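Engineer: This one is data-v6.cif, mmCIF, C-alpha atoms and all ligand atoms.
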data_start
loop_
_atom_site.label_atom_id
_atom_site.label_comp_id
_atom_site.auth_asym_id
_atom_site.auth_seq_id
_atom_site.Cartn_x
_atom_site.Cartn_y
_atom_site.Cartn_z
CA MET E 1 9.37 25.65 16.45
CA THR E 2 6.17 23.83 17.30
CA ARG E 3 3.77 23.23 14.46
CA PRO E 4 0.02 23.52 14.91
CA PRO E 5 -1.65 20.11 15.21
CA ILE E 6 -2.99 18.35 12.10
CA ARG E 7 -6.78 18.65 12.33
CA VAL E 8 -8.21 15.22 11.51
CA THR E 9 -11.87 14.31 11.01
CA VAL E 10 -12.61 10.58 11.13
CA TRP E 11 -15.86 9.90 9.23
CA ASN E 12 -17.88 6.70 9.48
CA GLU E 13 -21.31 5.79 8.17
CA TYR E 14 -21.74 3.93 11.53
CA ILE E 15 -24.38 1.41 10.53
CA HIS E 16 -22.96 -2.12 10.89
CA GLU E 17 -21.83 -1.46 14.48
CA ARG E 18 -25.38 -0.49 15.49
CA GLU E 19 -27.13 -3.29 13.61
CA SER E 20 -24.87 -6.29 14.11
CA GLU E 21 -23.92 -7.72 17.47
CA ALA E 22 -20.84 -9.37 16.00
CA VAL E 23 -19.56 -6.05 14.66
CA ALA E 24 -20.49 -4.18 17.87
CA LYS E 25 -18.37 -6.65 19.82
CA ILE E 26 -15.29 -5.67 17.80
CA TYR E 27 -16.11 -1.94 17.60
CA PRO E 28 -18.41 -1.14 20.57
CA ARG E 29 -18.26 2.63 20.00
CA GLY E 30 -17.95 2.38 16.23
CA ILE E 31 -15.05 1.98 13.81
CA HIS E 32 -14.57 5.77 13.90
CA ALA E 33 -13.98 5.73 17.67
CA THR E 34 -11.32 3.01 17.32
CA ILE E 35 -9.53 4.83 14.51
CA ALA E 36 -9.73 8.18 16.33
CA ALA E 37 -8.35 6.69 19.55
CA SER E 38 -5.44 5.04 17.73
CA LEU E 39 -4.52 8.31 15.97
CA ARG E 40 -4.62 10.21 19.27
CA GLU E 41 -2.48 7.57 20.94
CA ARG E 42 0.10 7.37 18.16
CA LEU E 43 0.32 11.03 17.14
CA GLY E 44 -0.37 12.72 20.48
CA ALA E 45 -0.18 16.51 20.42
CA ASP E 46 0.58 16.45 16.68
CA VAL E 47 -3.11 15.89 15.92
CA LEU E 48 -6.51 17.20 16.88
CA VAL E 49 -8.94 14.36 16.09
CA ARG E 50 -12.71 14.66 15.75
CA THR E 51 -15.31 12.25 14.42
CA ALA E 52 -18.42 12.64 12.25
CA THR E 53 -21.09 10.17 11.14
CA LEU E 54 -23.72 9.80 8.42
CA ASP E 55 -26.82 10.40 10.58
CA GLU E 56 -25.66 13.74 11.95
CA PRO E 57 -27.03 16.87 10.23
CA GLU E 58 -25.12 17.33 6.95
CA HIS E 59 -23.53 13.93 7.74
CA GLY E 60 -21.49 15.81 10.35
CA LEU E 61 -19.53 17.46 7.53
CA THR E 62 -20.59 21.09 7.80
CA GLU E 63 -18.79 23.83 5.86
CA ALA E 64 -17.29 25.00 9.16
CA LEU E 65 -15.98 21.56 10.14
CA LEU E 66 -14.50 20.85 6.71
CA ALA E 67 -12.88 24.30 6.61
CA ASP E 68 -11.26 23.30 9.91
CA THR E 69 -10.14 19.85 8.68
CA ASP E 70 -6.67 19.09 7.29
CA VAL E 71 -7.22 15.37 6.76
CA LEU E 72 -10.51 13.48 6.41
CA THR E 73 -10.66 9.69 6.77
CA TRP E 74 -13.68 7.90 5.26
CA TRP E 75 -15.23 4.53 6.13
CA GLY E 76 -18.48 3.51 4.44
CA HIS E 77 -20.08 0.35 3.12
CA ALA E 78 -23.85 -0.06 3.51
CA ALA E 79 -25.05 3.46 2.72
CA HIS E 80 -22.83 5.04 0.07
CA GLU E 81 -25.89 6.26 -1.84
CA ARG E 82 -27.29 8.04 1.21
CA VAL E 83 -24.45 10.56 1.11
CA THR E 84 -26.02 13.60 -0.54
CA ASP E 85 -24.77 15.44 -3.63
CA ASP E 86 -24.01 18.68 -1.78
CA ILE E 87 -21.77 16.90 0.74
CA VAL E 88 -19.93 14.99 -1.99
CA GLU E 89 -19.32 18.28 -3.79
CA ARG E 90 -18.28 20.02 -0.59
CA VAL E 91 -15.69 17.33 0.22
CA GLN E 92 -14.42 17.29 -3.36
CA ARG E 93 -13.93 21.07 -3.26
CA ARG E 94 -12.01 20.83 0.02
CA VAL E 95 -9.75 18.15 -1.47
CA TRP E 96 -9.00 20.44 -4.41
CA GLN E 97 -8.14 23.16 -1.89
CA GLY E 98 -5.65 20.88 -0.15
CA MET E 99 -7.49 18.74 2.42
CA GLY E 100 -6.04 15.22 2.58
CA LEU E 101 -8.44 12.30 2.11
CA ILE E 102 -7.84 8.75 3.33
CA THR E 103 -10.40 6.29 1.96
CA LEU E 104 -10.62 2.98 3.76
CA HIS E 105 -11.57 -0.51 2.57
CA SER E 106 -15.14 -0.49 1.15
CA ALA E 107 -14.90 3.27 0.68
CA HIS E 108 -13.52 2.25 -2.73
CA ASN E 109 -17.20 2.40 -3.69
CA SER E 110 -18.04 5.63 -1.83
CA ARG E 111 -19.51 8.45 -3.87
CA ILE E 112 -16.63 10.80 -2.97
CA PHE E 113 -13.93 8.30 -4.05
CA ARG E 114 -15.72 7.48 -7.31
CA ARG E 115 -16.20 11.20 -7.96
CA LEU E 116 -12.54 11.99 -7.41
CA MET E 117 -11.31 9.01 -9.44
CA GLY E 118 -13.79 9.32 -12.32
CA THR E 119 -13.91 5.55 -12.79
CA SER E 120 -16.23 2.80 -11.49
CA CYS E 121 -13.75 1.79 -8.72
CA MET E 122 -15.22 -1.73 -8.81
CA LEU E 123 -13.25 -4.85 -7.92
CA ARG E 124 -13.54 -8.61 -7.26
CA TRP E 125 -14.34 -9.71 -3.70
CA ARG E 126 -14.94 -12.77 -1.52
CA GLU E 127 -15.75 -13.03 2.17
CA ALA E 128 -13.92 -16.17 3.30
CA ALA E 129 -11.75 -14.96 6.21
CA GLU E 130 -8.56 -15.49 4.18
CA ARG E 131 -5.02 -14.64 5.14
CA GLU E 132 -3.72 -11.48 3.45
CA ARG E 133 -0.10 -10.54 2.93
CA LEU E 134 0.53 -6.86 2.23
CA TRP E 135 3.79 -6.46 0.32
CA ILE E 136 5.53 -3.10 0.61
CA VAL E 137 6.41 -2.05 -2.93
CA ASP E 138 7.58 1.50 -2.13
CA PRO E 139 9.90 1.07 0.87
CA SER E 140 11.05 4.72 0.83
CA HIS E 141 7.52 6.07 1.20
CA PRO E 142 6.67 7.90 4.46
CA ILE E 143 3.45 5.89 4.74
CA VAL E 144 5.42 2.66 5.42
CA GLN E 145 7.83 4.22 7.91
CA GLY E 146 8.34 2.02 10.96
CA LEU E 147 6.90 -1.17 9.43
CA GLU E 148 9.20 -4.13 9.90
CA GLY E 149 10.03 -6.57 7.13
CA GLU E 150 9.05 -6.69 3.49
CA CYS E 151 5.38 -7.32 4.17
CA PHE E 152 2.88 -7.72 6.98
CA GLU E 153 0.09 -10.22 7.36
CA LEU E 154 -3.51 -10.08 8.47
CA GLU E 155 -4.87 -13.43 9.61
CA HIS E 156 -8.48 -13.07 8.47
CA THR E 157 -9.64 -10.62 5.85
CA GLU E 158 -12.21 -10.13 3.15
CA MET E 159 -10.54 -10.65 -0.24
CA TYR E 160 -10.42 -7.81 -2.75
CA GLY E 161 -8.96 -8.78 -6.13
CA GLU E 162 -7.96 -7.19 -9.40
CA PHE E 163 -9.14 -5.83 -11.67
CA PHE E 164 -9.61 -2.74 -9.50
CA ASP E 165 -11.03 -0.09 -11.81
CA ILE E 166 -9.10 3.01 -10.71
CA PRO E 167 -6.95 5.44 -12.70
CA PRO E 168 -3.23 4.52 -12.57
CA PRO E 169 -2.18 5.49 -9.01
CA GLU E 170 0.46 8.16 -8.63
CA GLU E 171 2.27 5.89 -6.18
CA LEU E 172 1.68 2.23 -5.43
CA ILE E 173 2.70 1.43 -1.86
CA PHE E 174 1.18 -1.98 -1.06
CA ILE E 175 0.23 -4.98 -3.16
CA SER E 176 -1.83 -7.63 -1.37
CA TRP E 177 -1.70 -11.38 -1.89
CA PHE E 178 -4.57 -13.56 -0.71
CA GLU E 179 -4.74 -17.25 0.14
CA GLY E 180 -7.17 -17.80 -2.74
CA GLY E 181 -4.53 -16.60 -5.23
CA GLU E 182 -5.68 -13.08 -6.06
CA VAL E 183 -3.59 -9.92 -5.85
CA PHE E 184 -4.73 -6.33 -5.29
CA ARG E 185 -3.32 -2.78 -5.32
CA SER E 186 -4.02 -2.19 -1.62
CA GLY E 187 -2.21 1.08 -0.95
CA CYS E 188 -2.44 3.76 -3.64
CA THR E 189 -1.95 7.51 -3.70
CA PHE E 190 -3.52 10.12 -5.94
CA ARG E 191 -3.55 13.91 -6.11
CA ARG E 192 -6.50 16.03 -7.10
CA GLY E 193 -6.02 19.81 -7.12
CA LYS E 194 -3.83 20.49 -4.10
CA GLY E 195 -5.19 17.54 -2.12
CA LYS E 196 -3.47 14.22 -1.45
CA ILE E 197 -5.52 11.03 -1.43
CA PHE E 198 -4.56 7.64 0.00
CA TYR E 199 -6.66 4.54 -0.55
CA PHE E 200 -5.92 1.74 1.93
CA ARG E 201 -7.66 -1.60 1.53
CA PRO E 202 -7.78 -3.64 4.78
CA GLY E 203 -10.63 -2.97 7.20
CA HIS E 204 -13.70 -5.20 6.85
CA GLU E 205 -16.18 -4.59 9.70
CA THR E 206 -16.38 -8.20 10.95
CA PHE E 207 -12.60 -8.45 11.52
CA PRO E 208 -10.66 -6.53 14.20
CA ILE E 209 -8.35 -4.97 11.59
CA TYR E 210 -8.44 -1.43 13.01
CA HIS E 211 -7.02 -2.86 16.25
CA ASN E 212 -3.99 -4.23 14.35
CA ASP E 213 -0.69 -2.56 15.14
CA ASN E 214 0.55 -2.34 11.54
CA GLU E 215 -2.79 -1.09 10.26
CA GLN E 216 -2.80 1.66 12.89
CA ARG E 217 0.80 2.58 12.09
CA VAL E 218 0.00 2.95 8.38
CA LEU E 219 -3.01 5.15 9.15
CA ALA E 220 -1.00 7.39 11.47
CA ASN E 221 1.72 7.74 8.83
CA ALA E 222 -0.91 8.43 6.19
CA VAL E 223 -2.40 11.28 8.24
CA ARG E 224 1.00 12.97 8.40
CA TRP E 225 1.58 12.38 4.67
CA ALA E 226 -1.86 13.63 3.59
CA ALA E 227 -1.77 16.84 5.65
CA PRO E 228 -1.70 19.94 3.42
CA SER E 229 1.74 21.07 2.30
CA GLY E 230 3.28 23.33 -0.31
CA SER E 231 1.95 26.65 -1.50
CA PRO E 232 -1.56 28.04 -1.11
CA TYR E 233 -4.27 26.89 -3.50
CA PHE E 234 -5.72 29.42 -5.90
CA GLY E 235 -8.94 28.59 -7.69
CA GLU E 236 -10.18 30.05 -10.95
CA GLY E 237 -9.54 33.73 -11.59
CA ARG E 238 -8.38 36.15 -14.24
CA ASN E 239 -4.66 36.82 -14.27
CA ILE E 240 -3.40 40.37 -14.75
CA PRO E 241 0.00 40.40 -16.46
CA GLU E 242 2.45 42.73 -14.74
CA SER E 243 2.99 44.87 -17.84
CA LEU E 244 -0.75 45.57 -18.21
CA SER E 245 -1.29 46.60 -14.63
CA PRO E 246 -3.09 48.75 -13.69
CA ILE E 247 -5.92 48.37 -16.21
CA GLN E 248 -6.78 51.72 -17.80
CA ALA E 249 -10.02 53.20 -16.55
CA THR E 250 -11.13 53.73 -20.14
CA HIS E 251 -10.84 50.04 -20.99
CA VAL E 252 -14.19 48.24 -21.09
CA VAL E 253 -14.16 44.58 -20.06
CA ASP E 254 -16.96 42.49 -21.54
CA GLU E 255 -17.82 40.41 -18.45
CA SER E 256 -20.35 38.35 -20.38
CA LEU E 257 -17.49 36.69 -22.28
CA HIS E 258 -16.01 35.41 -19.02
CA LYS E 259 -19.25 34.35 -17.40
CA ALA E 260 -20.42 32.17 -20.29
CA LYS E 261 -19.84 28.55 -19.28
ZN ZN U 1 -15.74 -5.38 3.59
#
Would you write the structure of this file as C-alpha cells?
Structural biologist:
Amino acid sequence: MTRPPIRVTVWNEYIHERESEAVAKIYPRGIHATIAASLRERLGADVLVRTATLDEPEHGLTEALLADTDVLTWWGHAAHERVTDDIVERVQRRVWQGMGLITLHSAHNSRIFRRLMGTSCMLRWREAAERERLWIVDPSHPIVQGLEGECFELEHTEMYGEFFDIPPPEELIFISWFEGGEVFRSGCTFRRGKGKIFYFRPGHETFPIYHNDNEQRVLANAVRWAAPSGSPYFGEGRNIPESLSPIQATHVVDESLHKAK
C-alpha cells in the first residue's frame, strides 16, 4: 500500500542570505532552498516539499498552507520579533492538532519555540568557528538511523553552551561537545498536544552546515519522525456519557456556565 507523501513546509526568515555576500555564497537561493532540495533528494516521492518566507503575505503561512502541512521546519535568527502574534498562534494551534515542528539552530529563540516551550530558551554562545562533536545518546531513535559511529563532527560551528533554558526534553538524542569545552543538548524532542517537536542545533548561516551529509540525514529522518501519527486530535468539547444519551428535550442546559472563561 502506498502512503500519501508527507507534506513538508520549509520556513526561513531569509534575511542573511539577501544581506550578506558571504552567506549568499553558501546559500545562493536561501537556506530554505538548500534544505528543501536535500529533503526532496533524500525522501523522493515520500515527501511533497514547499517553502515559505517571512516577507510573503502572512509570512507565507496561510491557514490553507498550514492545514495542508504535516511537518513545518523553522529557521530564523535576525527577525524573530517580526513574526506576528496571529501567525505564532496559528502555528501553535496546528502543532496541537498534530503538525510536526522542526526548529533549527537559532530558532531556539523564535517566538513559536518560546511559546511552545514556555521558558526563555536562552543559552550561552560564541562565534569562533570551533569544531563540534555531536554524540548520539539515543542510538535506537529513528532520527539517528543511518548515522555511522557514536558521533559525528562538524569542522566549523558557532558554539551553543549550557545552560539551555528549556523544559526537560522528552527525549535527548544528541549532546554536543565544543573545542572550547562547553556541552549542549543539541537534539531534543518534545510533544505538545498531538504534535511532535524536534529541536536540532547545528546550522549557523555563515557555515555550510545544511550541505553536510549527516546534517541532511538527520533532517530527513526528523521529517519522517515528526509526521502526524496515532489517532485524530479532538479539541475542547462537552462529552456526552453513553448512559445519558440522548439528552431529554425537557432538560435545559445553562450555556452561560460553559462559556464563562
Ligand atoms: Zn547562529
Engineer: Contacts of His32 (chain E) at 12 Å or less, counting all atoms listed in the file, minus same-chain residues fewer than 5 places along, as an NGL selection string?
Structural biologist: :E and (8-17 or 27 or 37-39 or 49-54 or 72-76 or 104 or 203 or 205 or 210-211)
Engineer: Which residues are near region 139-156 of chain E? Cut-off 9 Å, all atoms listed in the file, ignore same chain within fewer than 6 positions. Put them as a list in words.
Structural biologist: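 What passes the distance filter is Ala128, Ala129, Glu130, Arg131, Glu132, Arg133, Ile173, Phe174, Pro202, Phe207, Pro208, Ile209, Asn212, Asn214, Arg217, Val218, Leu219, Ala220, Asn221, Ala222, Val223, Arg224 and Trp225 of chain E.
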Engineer: May I ask you to write as a ChimeraX atom specification all residues lying at most 6 Å from ligand ZN 1 (chain U), with all atoms listed in the file counted?
Structural biologist: /E:106,158,204
Engineer: Which residues are near region 229-231 of chain E? Cut-off 10 Å, all atoms listed in the file, ignore same chain within fewer than 3 positions. Put them as a count of residues only.
Structural biologist: 10
Engineer: Between E:Gln97, E:Thr103, E:Thr206, E:Ser186, which has the minimum distance to Ala24 (chain E) (counting only C-alpha atoms)?
Structural biologist: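 Comparing E:Gln97, E:Thr103, E:Thr206, E:Ser186 against Ala24 (chain E), the winner is E:Thr206.
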